[in-house]
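my_file25.txt (compact mmCIF, C-alpha atoms)
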# COMPACT_ATOMS: atom_id res chain seq x y z
CA MET A 1 116.02 134.17 59.28
CA ARG A 2 119.05 136.41 58.85
CA GLU A 3 122.25 135.10 60.44
CA ASN A 4 123.54 137.03 63.43
CA PRO A 5 126.95 138.56 62.49
CA LYS A 6 128.26 137.82 65.99
CA ASP A 7 127.27 134.16 65.73
CA ARG A 8 128.93 133.91 62.33
CA SER A 9 132.10 135.52 63.63
CA GLU A 10 132.21 133.13 66.58
CA ALA A 11 131.64 130.13 64.30
CA ARG A 12 134.50 131.23 62.05
CA ALA A 13 136.78 131.70 65.04
CA ALA A 14 135.88 128.22 66.29
CA ARG A 15 136.73 126.64 62.92
CA LEU A 16 140.07 128.45 62.74
CA ALA A 17 140.93 127.39 66.29
CA ALA A 18 139.93 123.78 65.55
CA ALA A 19 142.01 123.71 62.35
CA LEU A 20 145.11 125.09 64.10
CA THR A 21 144.71 122.72 67.04
CA ALA A 22 144.44 119.71 64.75
CA ALA A 23 147.35 120.76 62.56
CA VAL A 24 149.78 122.14 65.12
CA GLU A 25 149.01 120.32 68.37
CA HIS A 26 147.70 117.00 67.05
CA ARG A 27 149.92 117.01 63.92
CA TRP A 28 147.06 115.91 61.66
CA PRO A 29 147.10 117.34 58.11
CA VAL A 30 143.97 119.41 57.51
CA VAL A 31 142.26 121.03 54.54
CA PRO A 32 139.08 123.15 54.16
CA GLY A 33 136.05 121.25 52.91
CA ALA A 34 133.41 122.34 50.42
CA VAL A 35 130.68 124.70 51.65
CA LEU A 36 127.01 125.24 50.87
CA ARG A 37 126.10 128.31 48.83
CA ASP A 38 122.42 129.05 48.36
CA GLY A 39 121.70 125.44 49.28
CA ARG A 40 124.16 124.00 46.75
CA CYS A 41 127.58 122.50 47.24
CA SER A 42 130.46 124.73 46.22
CA CYS A 43 131.92 121.86 44.17
CA GLY A 44 129.36 122.71 41.47
CA ASP A 45 127.93 119.18 41.18
CA LEU A 46 124.14 119.50 41.24
CA ASP A 47 123.92 115.82 42.25
CA CYS A 48 126.62 116.00 44.93
CA ALA A 49 126.12 113.05 47.30
CA VAL A 50 127.58 114.81 50.35
CA PRO A 51 127.06 118.55 49.82
CA GLY A 52 129.26 120.69 52.01
CA ALA A 53 131.00 117.66 53.51
CA HIS A 54 133.94 116.72 51.29
CA PRO A 55 137.23 118.12 49.95
CA HIS A 56 137.07 120.11 46.73
CA ASP A 57 139.30 123.15 46.25
CA PRO A 58 141.97 122.74 47.54
CA SER A 59 142.09 118.99 47.05
CA LEU A 60 142.76 116.51 49.82
CA LEU A 61 146.37 116.23 48.60
CA ALA A 62 146.92 119.81 49.82
CA ALA A 63 146.22 118.89 53.45
CA THR A 64 148.95 120.31 55.69
CA THR A 65 150.10 120.86 59.26
CA ASP A 66 151.69 124.23 58.39
CA ALA A 67 150.20 126.84 60.72
CA ARG A 68 150.66 129.72 58.26
CA MET A 69 148.83 127.90 55.48
CA VAL A 70 146.07 126.77 57.82
CA SER A 71 145.60 130.32 59.13
CA TRP A 72 145.43 131.74 55.60
CA TRP A 73 142.85 129.19 54.54
CA TRP A 74 140.43 129.83 57.40
CA GLU A 75 141.10 133.54 57.87
CA ARG A 76 141.09 134.67 54.25
CA ARG A 77 140.13 131.99 51.74
CA SER A 78 137.51 129.69 53.30
CA PRO A 79 136.39 131.00 56.71
CA ASP A 80 133.09 129.08 56.53
CA ALA A 81 134.60 125.77 55.43
CA PRO A 82 134.45 122.68 57.64
CA VAL A 83 137.75 121.37 58.97
CA LEU A 84 138.70 118.08 57.31
CA ALA A 85 141.57 115.89 58.53
CA ALA A 86 143.26 113.81 55.86
CA THR A 87 143.53 110.22 57.04
CA GLY A 88 146.19 107.64 56.31
CA SER A 89 149.51 109.28 57.18
CA ALA A 90 149.09 110.60 60.74
CA VAL A 91 145.64 109.41 61.80
CA SER A 92 143.05 106.90 60.60
CA ALA A 93 139.63 105.84 61.84
CA VAL A 94 136.85 103.28 61.73
CA SER A 95 133.28 104.58 61.82
CA LEU A 96 129.97 102.84 62.49
CA PRO A 97 126.33 103.79 63.11
CA ALA A 98 125.93 105.95 66.22
CA ALA A 99 123.88 103.41 68.19
CA ALA A 100 126.43 100.68 67.53
CA GLY A 101 129.26 103.07 68.36
CA ALA A 102 127.78 103.99 71.73
CA ARG A 103 127.30 100.29 72.51
CA ALA A 104 130.86 99.47 71.47
CA LEU A 105 132.32 102.23 73.69
CA VAL A 106 130.54 100.83 76.75
CA TYR A 107 131.82 97.33 76.06
CA LEU A 108 135.37 98.44 75.23
CA GLY A 109 135.37 100.48 78.43
CA ALA A 110 134.31 97.42 80.41
CA LEU A 111 137.24 95.54 78.88
CA ARG A 112 139.47 98.42 79.97
CA LEU A 113 140.88 98.81 76.51
CA ARG A 114 142.58 102.15 76.12
CA LEU A 115 140.74 104.23 73.54
CA GLY A 116 141.86 107.19 71.51
CA PRO A 117 139.68 110.12 70.41
CA VAL A 118 136.11 109.37 69.36
CA LEU A 119 134.00 111.62 67.11
CA ALA A 120 130.23 111.88 66.96
CA MET A 121 129.18 112.83 63.43
CA PRO A 122 125.62 113.00 62.05
CA GLY A 123 124.35 109.45 62.56
CA ARG A 124 127.80 107.92 63.15
CA TYR A 125 130.64 107.47 65.62
CA ALA A 126 134.26 107.38 64.45
CA LEU A 127 137.01 105.84 66.57
CA LEU A 128 140.35 107.37 65.66
CA VAL A 129 143.23 104.92 65.43
CA ALA A 130 146.85 104.78 64.36
CA PRO A 131 147.45 104.76 60.60
CA TYR A 132 146.98 101.39 58.92
CA SER A 133 147.56 100.13 55.41
CA LEU A 134 144.67 98.81 53.35
CA ASP A 135 146.52 95.51 52.93
CA VAL A 136 146.84 95.00 56.68
CA LEU A 137 143.24 96.03 57.24
CA GLY A 138 142.11 93.59 54.55
CA GLU A 139 144.01 90.74 56.21
CA MET A 140 142.36 91.48 59.57
CA LEU A 141 138.88 91.70 58.05
CA ALA A 142 139.40 88.43 56.17
CA GLN A 143 139.78 86.65 59.50
CA LEU A 144 136.31 87.73 60.69
CA PRO A 145 133.22 85.61 59.93
CA TRP A 146 131.20 88.54 58.63
CA VAL A 147 131.87 92.24 58.11
CA PRO A 148 128.80 94.53 57.87
CA GLY A 149 128.64 97.05 55.08
CA SER A 150 127.74 99.85 57.48
CA LEU A 151 131.26 99.76 58.94
CA ARG A 152 133.47 102.29 57.17
CA TYR A 153 137.22 102.73 57.06
CA HIS A 154 138.98 106.08 56.94
CA GLY A 155 142.53 105.19 55.93
CA PRO A 156 144.84 106.21 53.07
CA GLY A 157 143.14 108.73 50.79
CA GLY A 158 140.24 109.33 53.19
CA PHE A 159 139.18 112.16 55.47
CA LEU A 160 137.26 112.99 58.63
CA SER A 161 135.21 116.06 59.45
CA LEU A 162 136.38 117.57 62.74
CA PRO A 163 134.42 119.64 65.30
CA PRO A 164 132.52 121.87 65.05
CA GLY A 165 131.45 120.43 61.67
CA GLY A 166 129.69 122.47 59.02
CA ALA A 167 126.57 122.76 56.92
CA ALA A 168 126.31 118.97 56.68
CA GLY A 169 125.84 118.69 60.43
CA ARG A 170 127.41 119.20 63.83
CA VAL A 171 130.47 117.19 64.80
CA ARG A 172 131.61 116.82 68.42
CA TRP A 173 134.12 114.92 70.50
CA VAL A 174 132.78 112.00 72.55
CA LEU A 175 136.33 111.38 73.76
CA ALA A 176 138.55 114.38 73.11
CA PRO A 177 142.17 114.08 71.94
CA ARG A 178 144.75 114.13 74.70
CA PRO A 179 147.97 115.52 73.26
CA GLY A 180 151.25 114.35 74.68
CA GLY A 181 154.87 115.08 73.91
CA GLY A 182 154.66 113.39 70.52
CA GLY A 183 151.15 114.34 69.46
CA VAL A 184 147.92 112.48 70.19
CA TRP A 185 148.18 108.85 71.25
CA LEU A 186 146.20 106.56 68.94
CA PRO A 187 145.42 102.86 69.46
CA GLN A 188 146.09 100.18 66.88
CA VAL A 189 142.98 99.16 64.95
CA GLY A 190 143.45 95.40 65.45
CA PRO A 191 142.36 95.05 69.10
CA LEU A 192 139.24 97.17 68.46
CA LEU A 193 138.09 95.80 65.13
CA GLY A 194 136.34 92.64 66.31
CA GLU A 195 134.27 94.50 68.90
CA LEU A 196 133.28 97.21 66.41
CA VAL A 197 132.16 94.56 63.93
CA GLU A 198 130.23 92.72 66.66
CA ALA A 199 128.44 95.90 67.79
CA THR A 200 127.51 96.78 64.21
CA VAL A 201 126.27 93.27 63.37
CA ARG A 202 124.07 93.22 66.48
CA LEU A 203 122.54 96.55 65.46
CA ASP A 204 122.01 95.50 61.84
CA SER A 205 120.61 92.01 62.43
CA GLY A 206 119.95 91.53 66.10
CA ARG A 207 122.36 88.60 66.21
CA SER A 208 126.02 88.03 66.97
CA ALA A 209 128.69 87.68 64.30
CA TYR A 210 130.31 84.85 66.25

Rewrite the coordinates I just gave you, this time as structure tokens.
Amino acid sequence: MRENPKDRSEARAARLAAALTAAVEHRWPVVPGAVLRDGRCSCGDLDCAVPGAHPHDPSLLAATTDARMVSWWWERRSPDAPVLAATGSAVSAVSLPAAAGARALVYLGALRLRLGPVLAMPGRYALLVAPYSLDVLGEMLAQLPWVPGSLRYHGPGGFLSLPPGGAAGRVRWVLAPRPGGGGVWLPQVGPLLGELVEATVRLDSGRSAY
């Protein structure tokens, strides 16, 4: 089926708006991701593990909050590229399987813990948190009795796909960012980590980690 030019134009406008919002309002460095061309990832790797869902050209190191650069990327260079936020300096995240994520949000809400933005990606939820170092994260994880492999960490050197997503699947906000005077408020990962591990362990094994 041939793509409707109007739909394509609207999708491009949505990606540009999302990229500018993330970069300028949220102050998260962004970069265009790879795209699918004739069913293949633009990175050129025929065995690409995540086609159309990773940084390529420009590299993740080029991620920026500069509005002029962001506009040029999505208006002229890569209008069909997904919007990727570089994690580690301004924003980080922990992601887990979608069912476990939904369960964790209910429980965290019952505890009245203040949450930051939450993304729903294909098959996963990502809770955005304040930047953390890998050393600090490792120390926190070492204190837990068991850490499931399906829990993932988006810290220094990582990235997140932002709404509306791309060829690899739709991305949406479960809890949208709420910008303030100094950008988007983000919680520390420590108070959330134990509950995210617990929710994931219950999903994976049907038993508690504790």

> For Thr87 of chain A, which of A:Gly123, A:Pro117, A:Pro32, A:Gly157 is the closest residue, counting only C-alpha atoms?
Replying inline: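 Among A:Gly123, A:Pro117, A:Pro32, A:Gly157, it is A:Gly157 that comes nearest to Thr87 of chain A.
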
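Between atom CA of Ala62 of chain A and atom CA of Ser42 of chain A the interatomic distance comes to 17.6 Å.
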
>> Could you tell me how far atom CA of Leu105 of chain A sits from atom CA of Gly182 of chain A, in Å to one decimal place?
In response: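 Going from atom CA of Gly182 of chain A over to atom CA of Leu105 of chain A covers 25.2 Å.
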
Could you give me, as JSON lines, every segment 41-159 of chain A residue with an atom at most 7 Å from segment 196-203 of chain A, plus its closest atom pair and distance in Å to one decimal, counting all atoms listed in the file, rows ordered by chain then number?
{"residue": "A:Leu96", "atom": "CA", "partner": "A:Thr200", "partner_atom": "CA", "distance": 6.8}
{"residue": "A:Ala100", "atom": "CA", "partner": "A:Ala199", "partner_atom": "CA", "distance": 5.2}
{"residue": "A:Arg103", "atom": "CA", "partner": "A:Ala199", "partner_atom": "CA", "distance": 6.5}
{"residue": "A:Ala104", "atom": "CA", "partner": "A:Ala199", "partner_atom": "CA", "distance": 5.7}
{"residue": "A:Val147", "atom": "CA", "partner": "A:Val197", "partner_atom": "CA", "distance": 6.3}
{"residue": "A:Pro148", "atom": "CA", "partner": "A:Val201", "partner_atom": "CA", "distance": 6.2}

>> Between A:Gly166, A:Gly39, A:Pro55, A:Pro131, which residue has the minimum interatomic distance to Gly88 of chain A, considering only C-alpha atoms?
In response: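 Among the listed residues, the smallest separation from Gly88 of chain A belongs to A:Pro131.
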
>> Neighbouring residues of Ser71 of chain A were defined as those with any atom within 9 Å, considering all atoms listed in the file; residues of the same chain fewer than 4 positions away were excluded. Please report them as a ChimeraX atom specification.
In response: /A:16,19-20,66-67,75-76

>> For a quick check of understanding, using only C-alpha atoms, which of A:Met69, A:Leu175, A:Ala49, A:Ala142 has the smallest distance to Val118 of chain A?
In response: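 Smallest separation from Val118 of chain A among the options: A:Leu175.
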
With N, CA and C atoms as the goal, would you fill in the gaps in segment 85-100 of chain A and present it as a PDB file, keeping the file's coordinate frame?
ATOM      1  N   ALA A  85     140.263 116.494  58.289  1.00  0.00           N
ATOM      2  CA  ALA A  85     141.570 115.890  58.530  1.00  0.00           C
ATOM      3  C   ALA A  85     141.803 114.793  57.505  1.00  0.00           C
ATOM      4  N   ALA A  86     142.913 114.865  56.815  1.00  0.00           N
ATOM      5  CA  ALA A  86     143.260 113.810  55.860  1.00  0.00           C
ATOM      6  C   ALA A  86     143.720 112.586  56.640  1.00  0.00           C
ATOM      7  N   THR A  87     143.167 111.433  56.325  1.00  0.00           N
ATOM      8  CA  THR A  87     143.530 110.220  57.040  1.00  0.00           C
ATOM      9  C   THR A  87     144.536 109.396  56.235  1.00  0.00           C
ATOM     10  N   GLY A  88     145.268 108.552  56.966  1.00  0.00           N
ATOM     11  CA  GLY A  88     146.190 107.640  56.310  1.00  0.00           C
ATOM     12  C   GLY A  88     147.636 107.821  56.702  1.00  0.00           C
ATOM     13  N   SER A  89     148.103 109.069  56.871  1.00  0.00           N
ATOM     14  CA  SER A  89     149.510 109.280  57.180  1.00  0.00           C
ATOM     15  C   SER A  89     149.762 109.505  58.666  1.00  0.00           C
ATOM     16  N   ALA A  90     148.895 110.288  59.325  1.00  0.00           N
ATOM     17  CA  ALA A  90     149.090 110.600  60.740  1.00  0.00           C
ATOM     18  C   ALA A  90     147.962 110.082  61.621  1.00  0.00           C
ATOM     19  N   VAL A  91     146.805 109.871  61.041  1.00  0.00           N
ATOM     20  CA  VAL A  91     145.640 109.410  61.800  1.00  0.00           C
ATOM     21  C   VAL A  91     144.735 108.638  60.845  1.00  0.00           C
ATOM     22  N   SER A  92     144.073 107.634  61.354  1.00  0.00           N
ATOM     23  CA  SER A  92     143.050 106.900  60.600  1.00  0.00           C
ATOM     24  C   SER A  92     141.851 106.710  61.506  1.00  0.00           C
ATOM     25  N   ALA A  93     140.823 106.031  61.020  1.00  0.00           N
ATOM     26  CA  ALA A  93     139.630 105.840  61.840  1.00  0.00           C
ATOM     27  C   ALA A  93     138.792 104.698  61.289  1.00  0.00           C
ATOM     28  N   VAL A  94     137.918 104.199  62.135  1.00  0.00           N
ATOM     29  CA  VAL A  94     136.850 103.280  61.730  1.00  0.00           C
ATOM     30  C   VAL A  94     135.565 103.892  62.242  1.00  0.00           C
ATOM     31  N   SER A  95     134.541 103.997  61.380  1.00  0.00           N
ATOM     32  CA  SER A  95     133.280 104.580  61.820  1.00  0.00           C
ATOM     33  C   SER A  95     132.152 103.573  61.655  1.00  0.00           C
ATOM     34  N   LEU A  96     131.116 103.748  62.472  1.00  0.00           N
ATOM     35  CA  LEU A  96     129.970 102.840  62.490  1.00  0.00           C
ATOM     36  C   LEU A  96     128.749 103.629  62.926  1.00  0.00           C
ATOM     37  N   PRO A  97     127.538 103.075  62.710  1.00  0.00           N
ATOM     38  CA  PRO A  97     126.330 103.790  63.110  1.00  0.00           C
ATOM     39  C   PRO A  97     126.388 104.203  64.580  1.00  0.00           C
ATOM     40  N   ALA A  98     125.795 105.360  64.889  1.00  0.00           N
ATOM     41  CA  ALA A  98     125.930 105.950  66.220  1.00  0.00           C
ATOM     42  C   ALA A  98     125.482 105.008  67.336  1.00  0.00           C
ATOM     43  N   ALA A  99     124.370 104.308  67.144  1.00  0.00           N
ATOM     44  CA  ALA A  99     123.880 103.410  68.190  1.00  0.00           C
ATOM     45  C   ALA A  99     124.866 102.284  68.454  1.00  0.00           C
ATOM     46  N   ALA A 100     125.425 101.734  67.383  1.00  0.00           N
ATOM     47  CA  ALA A 100     126.430 100.680  67.530  1.00  0.00           C
ATOM     48  C   ALA A 100     127.701 101.233  68.154  1.00  0.00           C
TER      49      ALA A 100
END
